[in-house]
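This report concerns only the one structure given below.
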Amino acid sequence: MQAENTSNEEMYLVGEIPEELHADDGAAADELQRIIAHEHSDMAKMIKGFTRTERHAVKLSTLQKEYEKNQQKRALMRLMRRQRVEIDDRYLHDVSNADLAWAANEHFIDMMVIVTDKPGLHALLPQNDTDPSYVFKLDLHQRHRTWKAKHVDLGFDPAGRMLYIGTYNQEEIWLAMVPTAFIRAERTAAAKHIDAPNSALTQRHFCMITTFLAHQLHEGGYKDIQIRTAYPLELTQADMRQHTNIFGHGLIDREIHELTYREVKDLHTRMVARYEDFASEAPEGWLGDGYLRDNVPITIAVRYGQNQEICRFDRIDEEADHWNRLHRYKCVRTMDVALATHVKCVPVTGWEDVDVGAIMRDNVEGIYDSPSEDDRQLVNLRDYPLLDDNGHEMNVYDWRGHRIPRRHALIDDGISTAGMLFRLRNLHEVFEDRLFDGGGDSDLGIDSTAHFLYPIGCLGNIGQFQANGVMNCFLPLVRSINDRLAVDDDDDDDDDDDIDLDASTRAHVTRVISPVSSQGYNAYVHRIRARSRFHDVQRGMMTAAFLGTHVSGQANLNKAHDLRRLCDIALPFDRYHEKIVGADFDQSLRVENVFTIQVGRLRRAERTGRYIFKNIIHPLSRMTSHPTVLQVIKRHVVVFRQDVLPSIVEWTTFGLCTALRVLWSMHQLNLENGIPVPPYCVELTAALERALNFSHTGNPKVLSKGLMDPLWLSLSCMSDGMPCVSPIVSLETSEHLTLRVRRSEWPVSTRTAYPEVCSRRSMLLNFGLPHFNAYHAIFHVKHGICNLPDMFESHITDRSTRLALYIITLAVRVYETDVRTLVQSGMNASLGDVGQGPDADDHEVAIRLERTQALEAWSNIKDKILGYECRAHTHLVRAVVSDPRNLIDGLPKSVHSPKSIQWFAREMISASASGAAHPRAPFISGGGALPVMRVALSEAKCQLGITNMDSEANVLDLLVRVLNKRHVMNVPWSRNPTPGPGRPPSTVVYDSWVNLGSRHPHGASEPLIVGPSQRRIADATQSSTIASEKDCRAPWSVNDLSIQELHRMLDRSTLPVEWSLQLISLPNSDSYVTKTYEWVRDNYDGSKPVHQTALIVAIIFAAVLPNILHDSTPSHLRSVTTPEAITHAVRSSPWCPPPPGRKGFTSSHHFVTMMSTFIIAMYEPTSPLRIYMNEHQGNMGAPWTSKHGAKGIKPFNLVRMGLATAHGINIYTSPKYGMSWRVLTSSEIINYHSHLLRQLRDQPYGPHSALVFVVGETMANNLARTNQVKGRGLTRKSESSVEAGSSKRPRLV
């Protein structure tokens, strides 16, 4: 290792993709692996259109020609069909060609992690304590920095234990709080899990550790560091600055301390000596969770992403000296290293023989004919042939099995190494344990190794790999190195003296080197990637720039502008081209292995940097050049001719890049003028960029299956290699190349009904979740306009009205999502500090747990979260109300509460029309509802043809209708204003609510309570019941009321829950009968006298079941012709039961629904029934009469109950409207309604009078005997003596 290495970067990982392009529904790696390994994988579950499409072969030379001639139209047309690349022979070298020179003599270290095994700063202490250039930069300002080293086993769970504290010699230094067991016993160290979201220390623990460090620096006299309070009570970073100046001398200073070796050594000594006392003397408030007592601080040194060349044959001793100076390895527990070797293959113009005498002098240990120690023979090099019959060199090997070159290759100037990638189809062979059965490698703990394949450049089965171990050809060499190491056999545990370990177990216990992982790729990626691991094509920059046209806020707009500028300068794939064209860069095959070195298992005398480098690092690095390894690699690589790779990627992705270029050109004006790019084009761009990323990385996780499967992009990438798009996308070539999307065919999520997207990750990481929610909802609205669901409000014949309702419904759903997010985030913040620390009592913890459970229950409700169904309101009250004593009062009330739903709808419209930068109530800051509602209302107006303010009442009515259907009954609001100057609060909060129902006296009784927890639940339930009874739109049930109690629900504006079309066997949806029921359901308004009268009369009618039929026409009426006489006869006719054996007269719910529908439909001229009757001379039609007549739902009973007048004796048989009967006039029905309500409210005997008024005295008395009403001095009769008949009724004048 060289001292002059560059700054740390994270090491390159095969197939790694940026966060922006991680797909939530990405394809699994094993799915891609099966497709590569098995050519004819089962595609039955894939989209049928894709599988039925024929796949064509296209030569690589054809793709190169199209790219070099810039044939964009042809490339786009090729993108529209399935293809697989065939590589022409002229692009490849024959691996068996004798005139190819192979070498694997360049080695690199890409990562090193040193874990110490003793408390203190051992990772910072060099072997040489006189280095004047030593400096440790102590940095305590990155508490939130997380541990990211991959493929490293620390020996403990890093969650909540890791703190970055600075740099030493370009190494990151981390302080790790490890369990004391980790220090005491290597083999039994088991880290106690800490409940933390990541590896960073919590704020409390960070403050404890920095207090300890400040103490030691203060006592050691380092500069002017001081600590005023031994153990500060408030453990926050802000408060810590009041107690110590270790962070800086000001309140915002961020000082980094540069410590010399002497200062570090002094700090180390003090930490070791004082930590135990510091922890034991800490106050009780510090020791509650046992963090200080159970853990001790060690240090870890990390160096990665360096790609530093090592093990140069002419500098071995110099490097060994450097390793020896760098660290004191006697206190090192483990060392993890990533060692890479570049495998090169170069065509030669000739060969020059090496002097035989020189070879023999350099290999006095012996020269052999085989690398294997088991079957090799010494050879006399002077008599040993140089070449075999095919012109290949007859290889000879040194005593360690490494090949001895007998010829030097003559290579022309300017000839570079051939580009190589792995042949993936059979690569699984090198990771199967069967390759080395019986080889004695069980001590390495190796079985079949999990590995992952990443095809590159649309080539299908050619690319790179990553594995959770090393290729099995390395294992015998690793074992051999392990066998030669000086292992410490002394066992400090006396209990093990009598244990007889078998050879395999002892080998495992004493093994020093363990393989961890490996990867193989082409070294050109180090040329094209940025410092942050990902090159430009991988970042989804175009998607982010397009998404920037959908965001608001100056910071987001500035970021969007910067992204657009970057793409205007050069699109991502153009930047890739600029990096590879005309550049001379390494195209070697890079094989990289990660090993864990158990330094603590070496003999103490050998725990030096020199020994480790010469006996471990150097031989591990040279393994790739060993013939047994190199021959395996040769069998599994594809060798391209010079200057082919990485240009292949440009040739094969030319169609993708052209499509992206066309999309960018199509929307240049949108970008320049800040006009939102259509979501369909944004998502198509995102899908194409993901496919392009897959072509460069081969990682299937970038393929968002929800959208990219129907677009065929993910299916084609995984099964064909070459991407293609489905007929959802079409190409227009009339004047300019244009891509069009068939919007009606855009895929929709079966789970959410939202249009599928794959830009979510990019929007989240660049602009945030609220902006994605707004964008996705706007897309939903736009898509809804193009694709109105068939079943949505299907009874409405006007499509414009249906569309307006649909898009307003989508906007209200987004508002509901915002409320859900507001409550969840507010509650989580509120509950976060409750019950924490040693001072929290059991009562607080119990309340916190109950509120958390209530929040979870409320959050799990899928629909109508702001209403009363599914106990939504009860759960919400229990969660939001912090003091159990206030549960009975319900949700915390705003000064605006209560209000009507019309008021709330007007507030929504008003706030949507406001041009203010920040949303005001009812819209939630950071939510997506405001922009969506603006779009929805605008689109609704367009659909309805509204052009003036007077017509906006139509939109208000639609919004009210949607809010009612969505059960929006309680909404969060801004905090109540406080006395004094200043603007009133406008930000919506989770603990201030407005009820949208009118107040109403409640009659709820106190429930039986058992225990405090049940009481709290009961209080919340009771408050919900009270709120429900006060709300005119809350659900209510006929079953819960007798007719005596019906006055309690007279202010309800909604139908009872028993009113249901599911109870009625209706004909097909086109029938006027079905449409009549749907019309009444959707237009019922309890504030209208006729609607409320219809419902009350229907409830009374259902109460007299089964006595709802009548006798035949009385004989005395045959000669009477006056309407008054006929009406009087009908009103006086007895209520008769059905004939014996006739069924269908017991379910009151059916009759409430049917009779109320009949009455309302008859009184509303625009109802489907009345429209039908007007078109058929007053006849109700056979479909209606056949279903309703036999049930008593007919004009006769309307007349009998006073809701109509008879005009002919046909009222008894086949009445025709206008001739035999008529409904009451408007003034008459209003009088009827007023009289009925007045009697129902006149307690206690008014309800009985109401029954007499509607169904006669006899039936009223019968219902009084069944406790439906309170009668006037009645005596109970036996059932047999109760006659079904009518009696005197009061007349309504």
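If you're wondering about the labels, chains in the structure tokens are A, B, ... by order shown, residues count from 1 in each chain, ligands from 1 in order shown.
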* Surrounding residues of A:Trp1135 excluding itself and chain neighbours under 4 positions, 12 Å, only C-alpha atoms, as a PyMOL selection string -> chain A and resi 1101+1104-1111+1130-1131+1192+1196-1197+1200-1201+1254-1260+1262+1282-1287
* **Contacts of stretch 548-550 of chain A at 6 Å (only C-alpha atoms; same-chain gap of 6+ positions) as a list in words** => Ala560, Gly674 and Pro676 of chain A
Atoms kept (all heavy atoms) for selection, written as a PDB file, in the first residue's frame:
ATOM      1  N   ALA A 560     -34.610  22.134  -9.790  1.00  0.00           N
ATOM      2  CA  ALA A 560     -35.114  21.717 -11.099  1.00  0.00           C
ATOM      3  C   ALA A 560     -34.409  22.470 -12.219  1.00  0.00           C
ATOM      4  O   ALA A 560     -34.091  21.896 -13.266  1.00  0.00           O
ATOM      5  CB  ALA A 560     -36.624  21.943 -11.165  1.00  0.00           C
ATOM      6  N   GLY A 674     -41.582  26.624 -17.975  1.00  0.00           N
ATOM      7  CA  GLY A 674     -42.105  26.149 -16.708  1.00  0.00           C
ATOM      8  C   GLY A 674     -43.455  25.486 -16.800  1.00  0.00           C
ATOM      9  O   GLY A 674     -44.200  25.436 -15.821  1.00  0.00           O
ATOM     10  N   PRO A 676     -45.731  22.224 -16.978  1.00  0.00           N
ATOM     11  CA  PRO A 676     -45.531  20.819 -16.580  1.00  0.00           C
ATOM     12  C   PRO A 676     -45.489  19.881 -17.786  1.00  0.00           C
ATOM     13  O   PRO A 676     -46.340  19.945 -18.671  1.00  0.00           O
ATOM     14  CB  PRO A 676     -46.747  20.527 -15.689  1.00  0.00           C
ATOM     15  CG  PRO A 676     -47.148  21.862 -15.155  1.00  0.00           C
ATOM     16  CD  PRO A 676     -46.873  22.833 -16.268  1.00  0.00           C
TER      17      PRO A 676
END
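Relative to atom CA of A:Leu1169, atom CA of A:Thr1076 is found at 5.9 Å.
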* Asked: Which residues in stretch 786-1016 of chain A does DSSP call helix (DSSP H, G or I)? List them as a ChimeraX atom specification.
  -> /A:786,799-832,842-859,869-880,884-889,901-913,929-944,949-965,1012-1016
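The shell of residues at most 7 Å from A:Gly890, with only C-alpha atoms counted and near chain neighbours (fewer than 2 positions) removed, consists of Val877, Leu887, Ile888, Pro892, Ala1020, Ser1023 and Ser1024 of chain A.
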* Hey, what's within 12 Å of A:Ser749 if we count only C-alpha atoms and toss same-chain stuff fewer than 4 positions away? As a PyMOL selection string, please? -> chain A and resi 25+705-707+710+753-758+780
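Surrounding stretch 465-468 of chain A within 9 Å are Leu13, Val14, Gly15, His151, Phe422, Leu424, Leu427, Phe431, Thr449, Ala450, His451, Phe452, Leu453, Tyr454, Pro455, Pro515, Val516, Ser517, Ser518, Gln519, Gly520 and Tyr521 of chain A, with only C-alpha atoms counted and residues fewer than 5 positions along the same chain left out.
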Let me see the file: selected residues, N, CA and C atoms, as a PDB file, in the first residue's frame.
ATOM      1  N   LEU A  13     -19.363  -1.279  -6.356  1.00  0.00           N
ATOM      2  CA  LEU A  13     -20.043  -2.558  -6.198  1.00  0.00           C
ATOM      3  C   LEU A  13     -20.759  -2.891  -7.490  1.00  0.00           C
ATOM      4  N   VAL A  14     -20.537  -4.090  -7.967  1.00  0.00           N
ATOM      5  CA  VAL A  14     -21.159  -4.532  -9.208  1.00  0.00           C
ATOM      6  C   VAL A  14     -22.678  -4.416  -9.091  1.00  0.00           C
ATOM      7  N   GLY A  15     -23.296  -3.854 -10.131  1.00  0.00           N
ATOM      8  CA  GLY A  15     -24.747  -3.789 -10.198  1.00  0.00           C
ATOM      9  C   GLY A  15     -25.377  -2.747  -9.314  1.00  0.00           C
ATOM     10  N   HIS A 151     -20.119  -5.819   3.182  1.00  0.00           N
ATOM     11  CA  HIS A 151     -19.354  -7.065   3.201  1.00  0.00           C
ATOM     12  C   HIS A 151     -18.298  -7.062   4.312  1.00  0.00           C
ATOM     13  N   PHE A 422     -17.600 -11.447 -18.352  1.00  0.00           N
ATOM     14  CA  PHE A 422     -17.846 -12.849 -18.041  1.00  0.00           C
ATOM     15  C   PHE A 422     -18.994 -13.397 -18.891  1.00  0.00           C
ATOM     16  N   LEU A 424     -21.996 -15.438 -18.662  1.00  0.00           N
ATOM     17  CA  LEU A 424     -22.806 -15.704 -17.475  1.00  0.00           C
ATOM     18  C   LEU A 424     -23.560 -17.019 -17.522  1.00  0.00           C
ATOM     19  N   LEU A 427     -21.712 -19.627 -15.503  1.00  0.00           N
ATOM     20  CA  LEU A 427     -20.841 -19.122 -14.445  1.00  0.00           C
ATOM     21  C   LEU A 427     -21.156 -19.758 -13.096  1.00  0.00           C
ATOM     22  N   PHE A 431     -19.105 -21.552  -8.717  1.00  0.00           N
ATOM     23  CA  PHE A 431     -19.536 -21.316  -7.346  1.00  0.00           C
ATOM     24  C   PHE A 431     -20.177 -22.549  -6.724  1.00  0.00           C
ATOM     25  N   THR A 449     -22.073 -21.274  -3.240  1.00  0.00           N
ATOM     26  CA  THR A 449     -22.033 -19.842  -2.928  1.00  0.00           C
ATOM     27  C   THR A 449     -23.129 -19.097  -3.672  1.00  0.00           C
ATOM     28  N   ALA A 450     -23.878 -18.302  -2.946  1.00  0.00           N
ATOM     29  CA  ALA A 450     -24.889 -17.454  -3.582  1.00  0.00           C
ATOM     30  C   ALA A 450     -24.194 -16.424  -4.448  1.00  0.00           C
ATOM     31  N   HIS A 451     -24.661 -16.278  -5.670  1.00  0.00           N
ATOM     32  CA  HIS A 451     -24.047 -15.332  -6.592  1.00  0.00           C
ATOM     33  C   HIS A 451     -25.133 -14.693  -7.446  1.00  0.00           C
ATOM     34  N   PHE A 452     -24.818 -13.530  -8.006  1.00  0.00           N
ATOM     35  CA  PHE A 452     -25.800 -12.729  -8.729  1.00  0.00           C
ATOM     36  C   PHE A 452     -25.173 -12.256 -10.041  1.00  0.00           C
ATOM     37  N   LEU A 453     -25.953 -12.361 -11.103  1.00  0.00           N
ATOM     38  CA  LEU A 453     -25.465 -12.089 -12.447  1.00  0.00           C
ATOM     39  C   LEU A 453     -26.017 -10.764 -12.954  1.00  0.00           C
ATOM     40  N   TYR A 454     -25.180 -10.011 -13.630  1.00  0.00           N
ATOM     41  CA  TYR A 454     -25.555  -8.679 -14.105  1.00  0.00           C
ATOM     42  C   TYR A 454     -25.143  -8.534 -15.573  1.00  0.00           C
ATOM     43  N   PRO A 455     -26.055  -8.816 -16.507  1.00  0.00           N
ATOM     44  CA  PRO A 455     -25.709  -8.684 -17.936  1.00  0.00           C
ATOM     45  C   PRO A 455     -25.482  -7.222 -18.308  1.00  0.00           C
ATOM     46  N   PRO A 515     -12.813 -16.136   3.264  1.00  0.00           N
ATOM     47  CA  PRO A 515     -13.367 -15.385   2.136  1.00  0.00           C
ATOM     48  C   PRO A 515     -14.759 -14.862   2.483  1.00  0.00           C
ATOM     49  N   VAL A 516     -15.052 -13.662   2.060  1.00  0.00           N
ATOM     50  CA  VAL A 516     -16.326 -13.004   2.389  1.00  0.00           C
ATOM     51  C   VAL A 516     -17.190 -12.808   1.158  1.00  0.00           C
ATOM     52  N   SER A 517     -16.634 -12.224   0.115  1.00  0.00           N
ATOM     53  CA  SER A 517     -17.410 -11.923  -1.079  1.00  0.00           C
ATOM     54  C   SER A 517     -16.463 -11.701  -2.235  1.00  0.00           C
ATOM     55  N   SER A 518     -17.047 -11.578  -3.415  1.00  0.00           N
ATOM     56  CA  SER A 518     -16.238 -11.318  -4.603  1.00  0.00           C
ATOM     57  C   SER A 518     -17.111 -10.680  -5.667  1.00  0.00           C
ATOM     58  N   GLN A 519     -16.460 -10.093  -6.635  1.00  0.00           N
ATOM     59  CA  GLN A 519     -17.151  -9.550  -7.794  1.00  0.00           C
ATOM     60  C   GLN A 519     -16.177  -9.500  -8.963  1.00  0.00           C
ATOM     61  N   GLY A 520     -16.743  -9.586 -10.153  1.00  0.00           N
ATOM     62  CA  GLY A 520     -15.940  -9.522 -11.357  1.00  0.00           C
ATOM     63  C   GLY A 520     -16.587  -8.586 -12.354  1.00  0.00           C
ATOM     64  N   TYR A 521     -15.799  -7.655 -12.890  1.00  0.00           N
ATOM     65  CA  TYR A 521     -16.344  -6.656 -13.816  1.00  0.00           C
ATOM     66  C   TYR A 521     -15.199  -6.105 -14.644  1.00  0.00           C
TER      67      TYR A 521
END
* To do: Pick out the residues sitting within 10 Å of A:Gly366, and hand them over as a list in words; count only C-alpha atoms, and ignore anything fewer than 5 positions along from it in its own chain.
  => Met360, Arg361, Gln377, Leu378, Val379, Asn380, Tyr397, Asp398, Trp399 and Arg400 of chain A
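Between A:Asp991 and the candidates A:Pro972, A:Gly1189, A:Pro1139, A:Gly1086, the tightest atom-to-atom separation, counting only C-alpha atoms, involves A:Pro972.
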* Go through stretch 1151-1224 of chain A and collect every residue that DSSP, computed from the backbone, puts in strand (DSSP E or B); the answer should be as a PyMOL selection string. => chain A and resi 1204-1206+1217+1221-1223
* Asked: Leaving out A:Tyr291 and any residue of its chain fewer than 2 positions from it, which residues lie within 10 Å of it when counting only C-alpha atoms, given as a ChimeraX atom specification?
  -> /A:161,177-179,194,205,208,279,286-289,293-296
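Rounded to one decimal, atom CA of A:Asn307 and atom CA of A:Tyr168 lie 18.3 Å from each other.
Between atom CA of A:Leu140 and atom CA of A:Glu172 the interatomic distance comes to 12.7 Å.
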